[in-house]
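> Structure in C-alpha coordinates, see below.
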Amino acid sequence: MKSRKLIEQLFKEGKSFSVQPIRVYWMLSPPNSNTSYLQFGVAAGTKHFKHAVDRNRIKRLIREAYRLQKIELQLKLKDANLHLNVFFIFTGKEVPDYKLVFEKTGIALQKLSEICVQSTSA
RNA sequence: GCUGCAAGCUAAGCUAUCGUUCCUGCUUUGGCGGGAGAGGAAAGUCCGGACAGCUCAGAGCAACGCACCGGUGAAGAGCCGGGUGAUGCCAAAAGCGUCAACAGAAAGUGCCACAGAAAAUAACUACCUCUUUGGAGGAAAAGGUGAAAAUGUGAGGUAAGAGCUCACAACUUUUUAUGGCAACAUACAAAGUGGGUAAACCUUGCGUGCUGAAAUGCCACAUAAACCGUCGCCUGAGAGCGGCUCGUUCAAUGACGGAGGGUAGGCAGAUUGAUUGCGCAGUGCAAAUUGCGUAACAGAUAAAUGAUAGCUCACGACAAAAUCCGGCUUACAGGCUUGCAGUAAUU
RNA sequence: GGUCCGGUAGCUCAGUUGGAUAGAGCAUCAGCCUUCUAAGCUGAGGGUCAUUGGUUCGAAUCCAAUCCGGAUCA
(Lines give C-alpha, C1' and ligand atoms only; values in the text may rest on other atoms or scores of the structure.)
Protein backbone atom coordinates (compact mmCIF):
# COMPACT_ATOMS: atom_id res chain seq x y z
CA MET A 1 0.00 0.00 0.00
CA LYS A 2 1.62 3.21 -1.12
CA SER A 3 -1.18 5.76 -1.32
CA ARG A 4 -1.46 8.14 1.58
CA LYS A 5 -5.16 8.57 0.88
CA LEU A 6 -5.84 4.83 1.11
CA ILE A 7 -3.99 4.56 4.39
CA GLU A 8 -5.92 7.43 5.93
CA GLN A 9 -9.16 5.82 4.80
CA LEU A 10 -8.09 2.50 6.28
CA PHE A 11 -7.42 3.96 9.71
CA LYS A 12 -10.63 5.97 9.60
CA GLU A 13 -13.09 3.34 8.32
CA GLY A 14 -11.31 0.00 8.62
CA LYS A 15 -11.64 -2.56 11.42
CA SER A 16 -8.91 -3.87 13.65
CA PHE A 17 -7.85 -6.68 15.96
CA SER A 18 -4.60 -7.36 17.73
CA VAL A 19 -2.32 -10.36 18.04
CA GLN A 20 0.11 -9.11 20.67
CA PRO A 21 2.49 -7.47 19.95
CA ILE A 22 1.05 -6.73 16.51
CA ARG A 23 -2.11 -4.74 15.77
CA VAL A 24 -3.84 -5.38 12.44
CA TYR A 25 -6.05 -2.91 10.59
CA TRP A 26 -8.06 -4.37 7.71
CA MET A 27 -10.75 -3.38 5.23
CA LEU A 28 -12.53 -5.50 2.63
CA SER A 29 -13.80 -4.00 -0.58
CA PRO A 30 -14.95 -5.17 -4.04
CA PRO A 31 -12.00 -5.81 -6.32
CA ASN A 32 -10.38 -3.13 -8.43
CA SER A 33 -9.44 -3.89 -11.97
CA ASN A 34 -6.00 -2.31 -11.68
CA THR A 35 -4.84 -3.48 -8.27
CA SER A 36 -4.23 -6.97 -7.02
CA TYR A 37 -6.35 -8.78 -4.42
CA LEU A 38 -4.16 -7.98 -1.43
CA GLN A 39 -2.41 -4.77 -0.41
CA PHE A 40 -0.21 -4.54 2.64
CA GLY A 41 1.69 -2.01 4.81
CA VAL A 42 3.86 -2.04 7.94
CA ALA A 43 4.76 0.47 10.64
CA ALA A 44 6.59 0.70 13.93
CA GLY A 45 6.01 3.71 16.12
CA THR A 46 8.57 6.34 17.01
CA LYS A 47 7.30 6.31 20.56
CA HIS A 48 8.87 3.02 21.57
CA PHE A 49 11.67 2.88 19.02
CA LYS A 50 13.70 6.03 18.89
CA HIS A 51 16.30 4.81 16.45
CA ALA A 52 15.56 4.34 12.78
CA VAL A 53 17.67 1.19 12.84
CA ASP A 54 15.23 -0.55 15.18
CA ARG A 55 12.15 0.56 13.26
CA ASN A 56 13.61 -0.65 9.99
CA ARG A 57 14.58 -3.96 11.60
CA ILE A 58 11.03 -4.59 12.84
CA LYS A 59 9.46 -3.65 9.53
CA ARG A 60 11.81 -6.00 7.68
CA LEU A 61 11.05 -8.88 9.99
CA ILE A 62 7.29 -8.46 9.61
CA ARG A 63 7.61 -8.05 5.86
CA GLU A 64 9.61 -11.26 5.60
CA ALA A 65 7.16 -13.21 7.76
CA TYR A 66 4.24 -11.85 5.72
CA ARG A 67 5.91 -12.72 2.42
CA LEU A 68 6.39 -16.35 3.38
CA GLN A 69 2.85 -16.88 4.69
CA LYS A 70 0.57 -14.75 2.53
CA ILE A 71 -0.12 -17.29 -0.23
CA GLU A 72 -3.09 -19.00 1.42
CA LEU A 73 -4.84 -15.68 2.08
CA GLN A 74 -4.25 -14.55 -1.47
CA LEU A 75 -5.87 -17.71 -2.84
CA LYS A 76 -8.92 -17.34 -0.62
CA LEU A 77 -9.39 -13.73 -1.68
CA LYS A 78 -9.19 -14.77 -5.30
CA ASP A 79 -11.87 -17.41 -4.71
CA ALA A 80 -14.12 -14.93 -2.92
CA ASN A 81 -13.37 -12.20 -5.48
CA LEU A 82 -12.61 -9.60 -2.80
CA HIS A 83 -9.97 -6.91 -2.29
CA LEU A 84 -8.28 -6.57 1.09
CA ASN A 85 -6.20 -3.75 2.51
CA VAL A 86 -4.13 -4.68 5.57
CA PHE A 87 -1.85 -2.66 7.80
CA PHE A 88 0.35 -4.17 10.48
CA ILE A 89 1.45 -1.95 13.37
CA PHE A 90 4.00 -3.18 15.84
CA THR A 91 2.94 -2.11 19.34
CA GLY A 92 5.52 -3.92 21.49
CA LYS A 93 8.22 -2.13 23.39
CA GLU A 94 11.27 -4.22 22.53
CA VAL A 95 12.78 -5.39 19.30
CA PRO A 96 11.48 -8.97 18.81
CA ASP A 97 13.30 -11.92 17.30
CA TYR A 98 12.21 -13.44 14.02
CA LYS A 99 10.58 -16.58 15.45
CA LEU A 100 8.02 -14.60 17.46
CA VAL A 101 7.20 -12.32 14.55
CA PHE A 102 6.79 -15.28 12.19
CA GLU A 103 4.42 -17.04 14.61
CA LYS A 104 2.28 -13.98 15.34
CA THR A 105 2.07 -12.93 11.70
CA GLY A 106 0.91 -16.43 10.86
CA ILE A 107 -1.90 -16.21 13.42
CA ALA A 108 -2.94 -12.81 12.12
CA LEU A 109 -3.05 -14.02 8.52
CA GLN A 110 -5.09 -17.06 9.51
CA LYS A 111 -7.57 -14.83 11.29
CA LEU A 112 -7.82 -12.66 8.19
CA SER A 113 -8.54 -15.65 5.96
CA GLU A 114 -11.28 -16.75 8.41
CA ILE A 115 -12.81 -13.29 8.17
CA CYS A 116 -12.61 -13.53 4.42
CA VAL A 117 -14.45 -16.87 4.42
CA GLN A 118 -17.12 -15.57 6.82
CA SER A 119 -17.85 -12.49 4.74
CA THR A 120 -18.31 -14.57 1.58
CA SER A 121 -20.67 -17.02 3.32
CA ALA A 122 -22.71 -14.22 4.90
C1' G B 1 54.10 -8.39 31.63
C1' C B 2 49.45 -6.44 33.68
C1' U B 3 45.96 -2.32 34.67
C1' G B 4 43.99 2.55 33.65
C1' C B 5 43.55 7.08 30.68
C1' A B 6 44.03 9.84 26.01
C1' A B 7 44.61 10.21 20.60
C1' G B 8 44.47 7.99 15.66
C1' C B 9 43.13 3.91 12.14
C1' U B 10 39.58 -0.08 11.31
C1' A B 11 34.30 -1.21 11.67
C1' A B 12 34.18 -9.86 10.44
C1' G B 13 34.42 -12.80 6.01
C1' C B 14 32.59 -16.62 2.58
C1' U B 15 28.85 -20.08 0.15
C1' A B 16 23.77 -21.67 -1.14
C1' U B 17 18.26 -20.82 -1.49
C1' C B 18 14.11 -17.38 -1.31
C1' G B 19 12.92 -12.09 -1.32
C1' U B 20 13.59 -6.64 -2.22
C1' U B 21 14.74 -0.95 -4.75
C1' C B 22 17.06 1.13 -9.09
C1' C B 23 19.54 0.61 -13.91
C1' U B 24 19.94 -2.40 -18.14
C1' G B 25 19.24 -6.49 -22.14
C1' C B 26 15.63 -9.90 -24.10
C1' U B 27 10.47 -10.74 -24.29
C1' U B 28 4.99 -14.39 -25.95
C1' U B 29 3.99 -8.03 -21.56
C1' G B 30 3.27 -13.26 -17.67
C1' G B 31 8.21 -12.82 -16.82
C1' C B 32 13.56 -14.27 -17.56
C1' G B 33 18.88 -12.89 -17.42
C1' G B 34 22.87 -9.41 -15.96
C1' G B 35 24.76 -5.25 -12.93
C1' A B 36 24.56 -1.85 -8.70
C1' G B 37 22.40 -0.96 -3.72
C1' A B 38 23.71 3.14 3.61
C1' G B 39 27.91 5.56 7.49
C1' G B 40 32.39 7.08 10.08
C1' A B 41 29.52 9.19 12.21
C1' A B 42 24.24 8.54 7.38
C1' A B 43 22.95 11.27 13.98
C1' G B 44 22.71 16.31 16.49
C1' U B 45 21.20 20.60 13.31
C1' C B 46 25.92 23.94 16.08
C1' C B 47 28.44 26.90 11.91
C1' G B 48 29.52 27.79 6.50
C1' G B 49 28.14 27.44 1.38
C1' A B 50 25.93 25.57 -3.42
C1' C B 51 21.04 25.71 -5.52
C1' A B 52 15.89 27.77 -5.91
C1' G B 53 12.08 31.46 -5.27
C1' C B 54 10.65 36.31 -3.74
C1' U B 55 8.94 42.40 -9.49
C1' C B 56 17.56 41.82 -8.71
C1' A B 57 16.19 43.45 -2.95
C1' G B 58 17.54 51.78 -2.90
C1' A B 59 18.68 55.14 1.71
C1' G B 60 18.50 55.95 7.03
C1' C B 61 17.33 53.84 11.74
C1' A B 62 16.68 49.46 14.28
C1' A B 63 17.90 44.18 14.70
C1' C B 64 21.27 40.11 14.51
C1' G B 65 26.21 38.09 14.13
C1' C B 66 31.55 38.39 14.48
C1' A B 67 35.97 40.57 17.29
C1' C B 68 44.91 39.29 18.57
C1' C B 69 47.70 38.62 13.57
C1' G B 70 48.81 35.96 9.06
C1' G B 71 47.67 31.88 5.90
C1' U B 72 44.15 28.29 3.89
C1' G B 73 39.84 27.70 1.19
C1' A B 74 33.82 28.56 -2.56
C1' A B 75 32.93 30.07 2.57
C1' G B 76 33.02 29.96 7.96
C1' A B 77 32.26 30.93 14.96
C1' G B 78 36.35 25.48 10.72
C1' C B 79 41.51 24.15 10.03
C1' C B 80 47.01 25.40 10.11
C1' G B 81 51.04 28.56 11.75
C1' G B 82 52.44 32.67 14.81
C1' G B 83 51.74 36.40 18.97
C1' U B 84 49.93 37.59 23.89
C1' G B 85 47.84 35.97 28.50
C1' A B 86 46.39 32.14 32.04
C1' U B 87 47.52 27.44 33.86
C1' G B 88 49.80 22.16 34.77
C1' C B 89 54.53 19.35 35.22
C1' C B 90 59.40 21.28 37.66
C1' A B 91 62.71 23.97 43.79
C1' A B 92 63.17 27.75 39.89
C1' A B 93 64.41 28.94 34.92
C1' A B 94 64.34 26.81 30.32
C1' G B 95 61.44 23.30 28.00
C1' C B 96 57.02 20.47 27.03
C1' G B 97 51.66 20.26 27.34
C1' U B 98 46.59 22.31 27.96
C1' C B 99 43.14 26.35 27.61
C1' A B 100 41.42 31.41 25.98
C1' A B 101 34.00 35.07 23.39
C1' C B 102 41.82 37.58 23.21
C1' A B 103 38.50 45.21 20.59
C1' G B 104 37.16 49.24 24.29
C1' A B 105 36.21 50.19 31.70
C1' A B 106 40.67 57.16 29.95
C1' A B 107 32.68 58.42 25.87
C1' G B 108 28.49 57.74 29.10
C1' U B 109 24.88 54.99 32.35
C1' G B 110 23.95 50.96 35.74
C1' C B 111 25.39 47.25 39.43
C1' C B 112 29.05 45.53 43.38
C1' A B 113 24.99 41.27 48.95
C1' C B 114 27.08 40.62 54.09
C1' A B 115 31.03 42.92 56.59
C1' G B 116 33.24 47.68 56.68
C1' A B 117 33.94 54.65 58.24
C1' A B 118 33.96 54.31 53.07
C1' A B 119 32.66 49.97 47.22
C1' A B 120 34.34 55.33 44.22
C1' U B 121 34.68 62.89 43.61
C1' A B 122 36.41 57.77 50.96
C1' A B 123 37.33 59.20 56.48
C1' C B 124 35.30 55.17 61.94
C1' U B 125 39.42 54.69 65.41
C1' A B 126 44.03 56.70 65.69
C1' C B 127 47.24 61.46 63.83
C1' C B 128 48.05 67.11 63.70
C1' U B 129 46.43 72.42 64.51
C1' C B 130 42.92 75.70 66.81
C1' U B 131 39.41 75.76 70.74
C1' U B 132 34.45 78.75 74.38
C1' U B 133 36.24 71.29 75.51
C1' G B 134 30.38 71.49 72.35
C1' G B 135 33.32 71.38 68.28
C1' A B 136 35.89 73.49 63.70
C1' G B 137 39.68 72.63 60.24
C1' G B 138 43.87 69.74 58.03
C1' A B 139 45.68 65.08 56.32
C1' A B 140 45.20 60.07 54.28
C1' A B 141 50.79 57.16 56.70
C1' A B 142 48.85 52.97 60.88
C1' G B 143 44.44 49.65 62.43
C1' G B 144 40.51 46.40 61.30
C1' U B 145 36.37 44.54 57.17
C1' G B 146 36.07 42.43 52.53
C1' A B 147 36.55 38.93 46.62
C1' A B 148 38.22 43.92 45.80
C1' A B 149 40.31 49.81 49.72
C1' A B 150 43.32 54.53 45.55
C1' U B 151 50.77 51.20 42.83
C1' G B 152 55.10 49.15 46.19
C1' U B 153 59.94 50.07 48.89
C1' G B 154 63.36 53.68 50.70
C1' A B 155 64.72 58.80 51.39
C1' G B 156 63.49 63.90 51.60
C1' G B 157 59.65 66.88 53.31
C1' U B 158 55.77 68.48 57.19
C1' A B 159 52.09 70.90 62.62
C1' A B 160 50.66 65.92 61.07
C1' G B 161 50.82 63.93 56.39
C1' A B 162 50.39 63.04 51.27
C1' G B 163 53.64 60.98 43.99
C1' C B 164 54.00 66.71 47.40
C1' U B 165 59.42 65.86 45.59
C1' C B 166 63.40 62.33 44.40
C1' A B 167 65.58 57.22 43.50
C1' C B 168 64.47 52.25 42.25
C1' A B 169 60.57 48.86 40.81
C1' A B 170 55.53 47.59 38.67
C1' C B 171 51.73 48.76 35.31
C1' U B 172 49.01 51.95 31.53
C1' U B 173 49.04 55.28 27.29
C1' U B 174 51.81 57.78 23.55
C1' U B 175 56.16 59.17 20.30
C1' U B 176 60.58 57.44 17.99
C1' A B 177 64.16 53.60 16.52
C1' U B 178 65.32 48.35 15.38
C1' G B 179 63.39 43.27 14.01
C1' G B 180 58.87 41.16 11.87
C1' C B 181 54.01 40.93 6.06
C1' A B 182 51.38 41.64 10.76
C1' A B 183 49.82 40.68 15.80
C1' C B 184 53.88 41.81 18.66
C1' A B 185 58.88 41.98 20.85
C1' U B 186 63.19 44.90 22.39
C1' A B 187 65.40 49.79 23.50
C1' C B 188 65.09 55.01 24.66
C1' A B 189 62.05 59.14 25.94
C1' A B 190 57.53 61.66 27.61
C1' A B 191 52.89 61.72 30.27
C1' G B 192 50.35 59.18 34.00
C1' U B 193 48.76 55.74 38.61
C1' G B 194 42.20 55.78 36.18
C1' G B 195 38.92 49.44 41.62
C1' G B 196 35.92 45.41 39.21
C1' U B 197 32.05 44.09 35.80
C1' A B 198 30.95 44.82 28.60
C1' A B 199 29.23 36.12 29.04
C1' A B 200 25.17 44.41 32.24
C1' C B 201 23.37 48.36 28.91
C1' C B 202 26.65 50.31 25.67
C1' U B 203 30.82 52.33 22.26
C1' U B 204 34.10 51.24 18.05
C1' G B 205 35.24 48.34 13.66
C1' C B 206 33.61 44.67 10.13
C1' G B 207 29.64 41.77 8.07
C1' U B 208 24.46 40.21 7.03
C1' G B 209 18.17 41.27 1.96
C1' C B 210 14.55 37.28 3.42
C1' U B 211 12.71 32.36 3.02
C1' G B 212 14.20 27.07 2.66
C1' A B 213 13.50 20.95 -1.36
C1' A B 214 7.04 20.66 2.70
C1' A B 215 11.89 25.75 -1.78
C1' U B 216 10.52 26.01 -6.84
C1' G B 217 8.75 24.90 -12.22
C1' C B 218 5.42 22.02 -15.33
C1' C B 219 1.36 18.41 -16.36
C1' A B 220 -3.14 15.91 -14.75
C1' C B 221 -7.54 15.74 -11.59
C1' A B 222 -11.11 18.52 -8.54
C1' U B 223 -13.94 22.58 -6.41
C1' A B 224 -17.05 27.64 -4.57
C1' A B 225 -15.13 33.35 -9.98
C1' A B 226 -20.42 30.97 -4.64
C1' C B 227 -21.44 32.97 1.05
C1' C B 228 -20.59 36.73 5.34
C1' G B 229 -17.96 41.32 7.19
C1' U B 230 -14.77 45.81 6.33
C1' C B 231 -12.57 49.08 2.83
C1' G B 232 -12.08 50.74 -2.15
C1' C B 233 -12.88 51.59 -7.77
C1' C B 234 -7.52 56.02 -10.26
C1' U B 235 -8.48 62.55 -5.86
C1' G B 236 -5.47 55.00 -5.19
C1' A B 237 -8.48 50.31 -1.15
C1' G B 238 -4.37 47.71 -0.72
C1' A B 239 0.15 44.79 -2.00
C1' G B 240 5.81 43.87 -2.84
C1' C B 241 10.90 45.50 -1.50
C1' G B 242 12.32 40.48 6.23
C1' G B 243 10.80 45.29 11.12
C1' C B 244 9.94 51.12 11.16
C1' U B 245 10.38 55.80 8.24
C1' C B 246 11.39 57.81 3.54
C1' G B 247 11.62 56.42 -1.33
C1' U B 248 10.07 53.33 -5.20
C1' U B 249 7.25 49.61 -8.14
C1' C B 250 2.54 47.28 -8.98
C1' A B 251 -2.60 47.98 -8.41
C1' A B 252 -9.51 47.43 -10.30
C1' U B 253 -13.04 40.06 -13.92
C1' G B 254 -10.34 44.82 -6.62
C1' A B 255 -8.00 44.04 -1.63
C1' C B 256 -8.04 42.18 3.41
C1' G B 257 -10.39 39.13 7.10
C1' G B 258 -14.00 35.08 8.49
C1' A B 259 -16.35 30.49 7.89
C1' G B 260 -16.28 26.63 4.56
C1' G B 261 -15.24 23.49 0.00
C1' G B 262 -11.70 20.81 -3.34
C1' U B 263 -7.06 18.28 -4.34
C1' A B 264 -3.00 15.83 -1.95
C1' G B 265 -1.46 11.87 -8.36
C1' G B 266 2.75 12.29 -11.90
C1' C B 267 7.33 14.52 -14.06
C1' A B 268 11.39 17.79 -13.21
C1' G B 269 14.34 19.66 -8.97
C1' A B 270 17.42 14.50 -7.82
C1' U B 271 22.08 12.75 -7.64
C1' U B 272 29.11 12.94 -11.48
C1' G B 273 30.25 17.02 -8.00
C1' A B 274 34.03 23.53 -5.15
C1' U B 275 33.50 15.03 -5.67
C1' U B 276 36.22 11.06 -2.97
C1' G B 277 40.21 7.31 -2.36
C1' C B 278 45.11 5.57 -3.81
C1' G B 279 50.05 6.14 -6.25
C1' C B 280 54.02 9.28 -8.27
C1' A B 281 56.12 14.22 -8.88
C1' G B 282 56.13 19.59 -7.41
C1' U B 283 55.12 23.92 -3.72
C1' G B 284 54.52 24.91 1.63
C1' C B 285 56.87 24.58 8.70
C1' A B 286 51.69 23.16 8.36
C1' A B 287 46.51 23.46 7.06
C1' A B 288 46.30 22.96 2.10
C1' U B 289 47.21 22.92 -3.03
C1' U B 290 49.00 21.96 -8.46
C1' G B 291 50.02 18.30 -12.38
C1' C B 292 49.84 13.25 -14.19
C1' G B 293 47.99 8.28 -13.69
C1' U B 294 44.35 5.06 -11.71
C1' A B 295 39.86 3.46 -9.23
C1' A B 296 35.01 4.56 -7.29
C1' C B 297 30.39 7.03 -6.72
C1' A B 298 22.83 4.38 -3.51
C1' G B 299 18.68 7.34 -5.21
C1' A B 300 13.79 5.43 -2.24
C1' U B 301 8.88 8.47 -1.74
C1' A B 302 4.18 4.73 3.98
C1' A B 303 10.09 5.00 1.68
C1' A B 304 14.71 -0.59 -0.98
C1' U B 305 19.85 -4.53 2.23
C1' G B 306 16.07 -9.11 5.07
C1' A B 307 15.20 -14.43 6.31
C1' U B 308 16.92 -19.51 6.51
C1' A B 309 21.05 -23.11 6.42
C1' G B 310 26.38 -24.05 6.78
C1' C B 311 31.70 -22.83 7.77
C1' U B 312 35.83 -19.84 10.15
C1' C B 313 37.16 -16.56 14.27
C1' A B 314 38.58 -12.33 18.39
C1' C B 315 31.40 -14.31 18.73
C1' G B 316 30.32 -8.80 15.98
C1' A B 317 29.76 -1.79 19.16
C1' C B 318 27.43 2.92 17.95
C1' A B 319 24.04 3.23 14.58
C1' A B 320 20.09 3.77 8.45
C1' A B 321 20.82 8.05 3.13
C1' A B 322 15.89 11.54 2.02
C1' U B 323 18.51 18.12 -2.36
C1' C B 324 23.89 18.19 -2.23
C1' C B 325 28.71 19.54 -0.32
C1' G B 326 32.80 21.65 3.57
C1' G B 327 33.53 21.65 8.86
C1' C B 328 32.29 21.08 14.20
C1' U B 329 30.02 18.18 18.17
C1' U B 330 28.25 13.72 20.30
C1' A B 331 27.85 7.87 20.39
C1' C B 332 31.01 3.53 19.64
C1' A B 333 32.19 -3.79 21.15
C1' G B 334 36.46 -5.97 19.48
C1' G B 335 41.23 -5.44 16.94
C1' C B 336 45.78 -2.61 15.62
C1' U B 337 49.28 1.66 16.43
C1' U B 338 51.26 5.62 19.49
C1' G B 339 51.83 8.42 24.06
C1' C B 340 51.31 9.08 29.41
C1' A B 341 50.56 7.20 34.49
C1' G B 342 50.65 3.19 38.11
C1' U B 343 52.38 -1.62 39.51
C1' A B 344 55.01 -6.76 39.80
C1' A B 345 59.15 -9.68 38.58
C1' U B 346 63.92 -10.07 36.34
C1' U B 347 68.56 -7.94 34.66
C1' G C 1 13.31 18.62 6.21
C1' G C 2 12.94 23.33 8.97
C1' U C 3 11.65 26.40 13.36
C1' C C 4 10.60 27.31 18.55
C1' C C 5 10.06 26.20 23.83
C1' G C 6 10.98 23.61 28.38
C1' G C 7 13.89 20.46 32.37
C1' U C 8 13.76 23.18 40.20
C1' A C 9 11.39 18.37 46.54
C1' G C 10 7.67 11.96 45.67
C1' C C 11 3.69 15.19 42.47
C1' U C 12 2.00 20.26 40.58
C1' C C 13 4.44 24.74 40.07
C1' A C 14 6.94 29.87 41.86
C1' G C 15 11.80 32.03 41.81
C1' U C 16 15.29 32.99 35.98
C1' U C 17 14.21 39.11 32.68
C1' G C 18 16.82 42.33 37.30
C1' G C 19 23.03 37.46 40.48
C1' A C 20 24.15 36.89 47.31
C1' U C 21 17.88 32.96 52.19
C1' A C 22 15.98 27.63 47.16
C1' G C 23 10.25 28.65 48.28
C1' A C 24 4.50 27.45 48.07
C1' G C 25 0.49 23.80 47.84
C1' C C 26 -0.50 18.52 47.96
C1' A C 27 1.88 14.07 49.74
C1' U C 28 5.32 11.72 53.87
C1' C C 29 6.80 11.52 59.15
C1' A C 30 6.25 13.24 64.38
C1' G C 31 3.39 15.83 68.13
C1' C C 32 -1.33 18.26 69.81
C1' C C 33 -6.73 17.71 69.60
C1' U C 34 -10.43 13.23 69.82
C1' U C 35 -12.80 7.33 73.13
C1' C C 36 -10.62 6.23 67.92
C1' U C 37 -10.29 8.03 62.83
C1' A C 38 -11.02 12.05 59.43
C1' A C 39 -10.74 17.30 59.44
C1' G C 40 -7.99 21.16 62.01
C1' C C 41 -3.41 23.17 64.54
C1' U C 42 2.12 22.89 65.31
C1' G C 43 6.73 21.15 63.73
C1' A C 44 10.26 18.22 60.94
C1' G C 45 12.54 15.65 56.97
C1' G C 46 13.06 15.59 51.77
C1' G C 47 16.92 19.31 46.35
C1' U C 48 24.04 17.37 42.58
C1' C C 49 18.14 23.52 40.57
C1' A C 50 18.93 17.79 33.62
C1' U C 51 24.62 17.16 32.65
C1' U C 52 29.54 19.30 31.66
C1' G C 53 32.52 23.45 31.23
C1' G C 54 33.20 28.84 31.24
C1' U C 55 32.42 34.30 32.85
C1' U C 56 32.25 36.48 37.90
C1' C C 57 34.36 37.76 44.45
C1' G C 58 29.80 34.87 43.91
C1' A C 59 25.55 31.20 39.06
C1' A C 60 19.01 27.82 39.74
C1' U C 61 19.59 32.70 37.21
C1' C C 62 24.45 34.99 32.41
C1' C C 63 27.23 32.28 28.17
C1' A C 64 28.63 27.76 25.38
C1' A C 65 28.26 22.58 24.41
C1' U C 66 25.66 18.02 25.44
C1' C C 67 21.40 14.81 27.08
C1' C C 68 16.17 14.28 27.62
C1' G C 69 11.08 15.93 26.82
C1' G C 70 7.40 18.77 24.19
C1' A C 71 5.15 22.08 20.54
C1' U C 72 4.72 23.94 15.64
C1' C C 73 5.08 24.64 9.96
C1' A C 74 1.66 21.33 4.17
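Note on naming: chains are A, B, ... as they come in the C-alpha coordinates, residues start from 1 per chain, ligands start from 1 in the order shown.
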Pull the helix (DSSP H, G or I) assignments for segment 4-122 of chain A out of DSSP run on the backbone, and list those residues as an MDAnalysis selection string.
chainID A and resid 4:13 52:69 71:80 98:121
> Could you list the residues in chain A lying within 6 Å of chain B, using only C-alpha atoms (C1' of nucleotides), and format the result as a PyMOL selection string?
chain A and resi 2+53+60
> How about saving the chosen residues, C-alpha atoms kept, as an mmCIF file, in the first residue's frame?

data_model
loop_
_atom_site.group_PDB
_atom_site.id
_atom_site.type_symbol
_atom_site.label_atom_id
_atom_site.label_comp_id
_atom_site.auth_asym_id
_atom_site.auth_seq_id
_atom_site.Cartn_x
_atom_site.Cartn_y
_atom_site.Cartn_z
ATOM 1 C CA LYS A 2 1.621 3.208 -1.120
ATOM 2 C CA VAL A 53 17.666 1.186 12.839
ATOM 3 C CA ARG A 60 11.809 -5.996 7.681
#
> Mind checking which residues fall within 12 Å of A123 of chain B, counting only C-alpha atoms (C1' of nucleotides), ignoring those fewer than 6 positions away in the same chain, and posting them as an MDAnalysis selection string?
chainID B and resid 117 139:140 149
> Skip segment 89-99 of chain B itself and residues of its chain fewer than 3 positions away, then list as a ChimeraX atom specification all residues within 12 Å of it, counting only C-alpha atoms (C1' of nucleotides).
/B:85-86,340 /C:53-54
> Separation of atom C1' of G266 of chain B and atom C1' of A220 of chain B, in Å?
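Distance between the two atoms: 7.5 Å.
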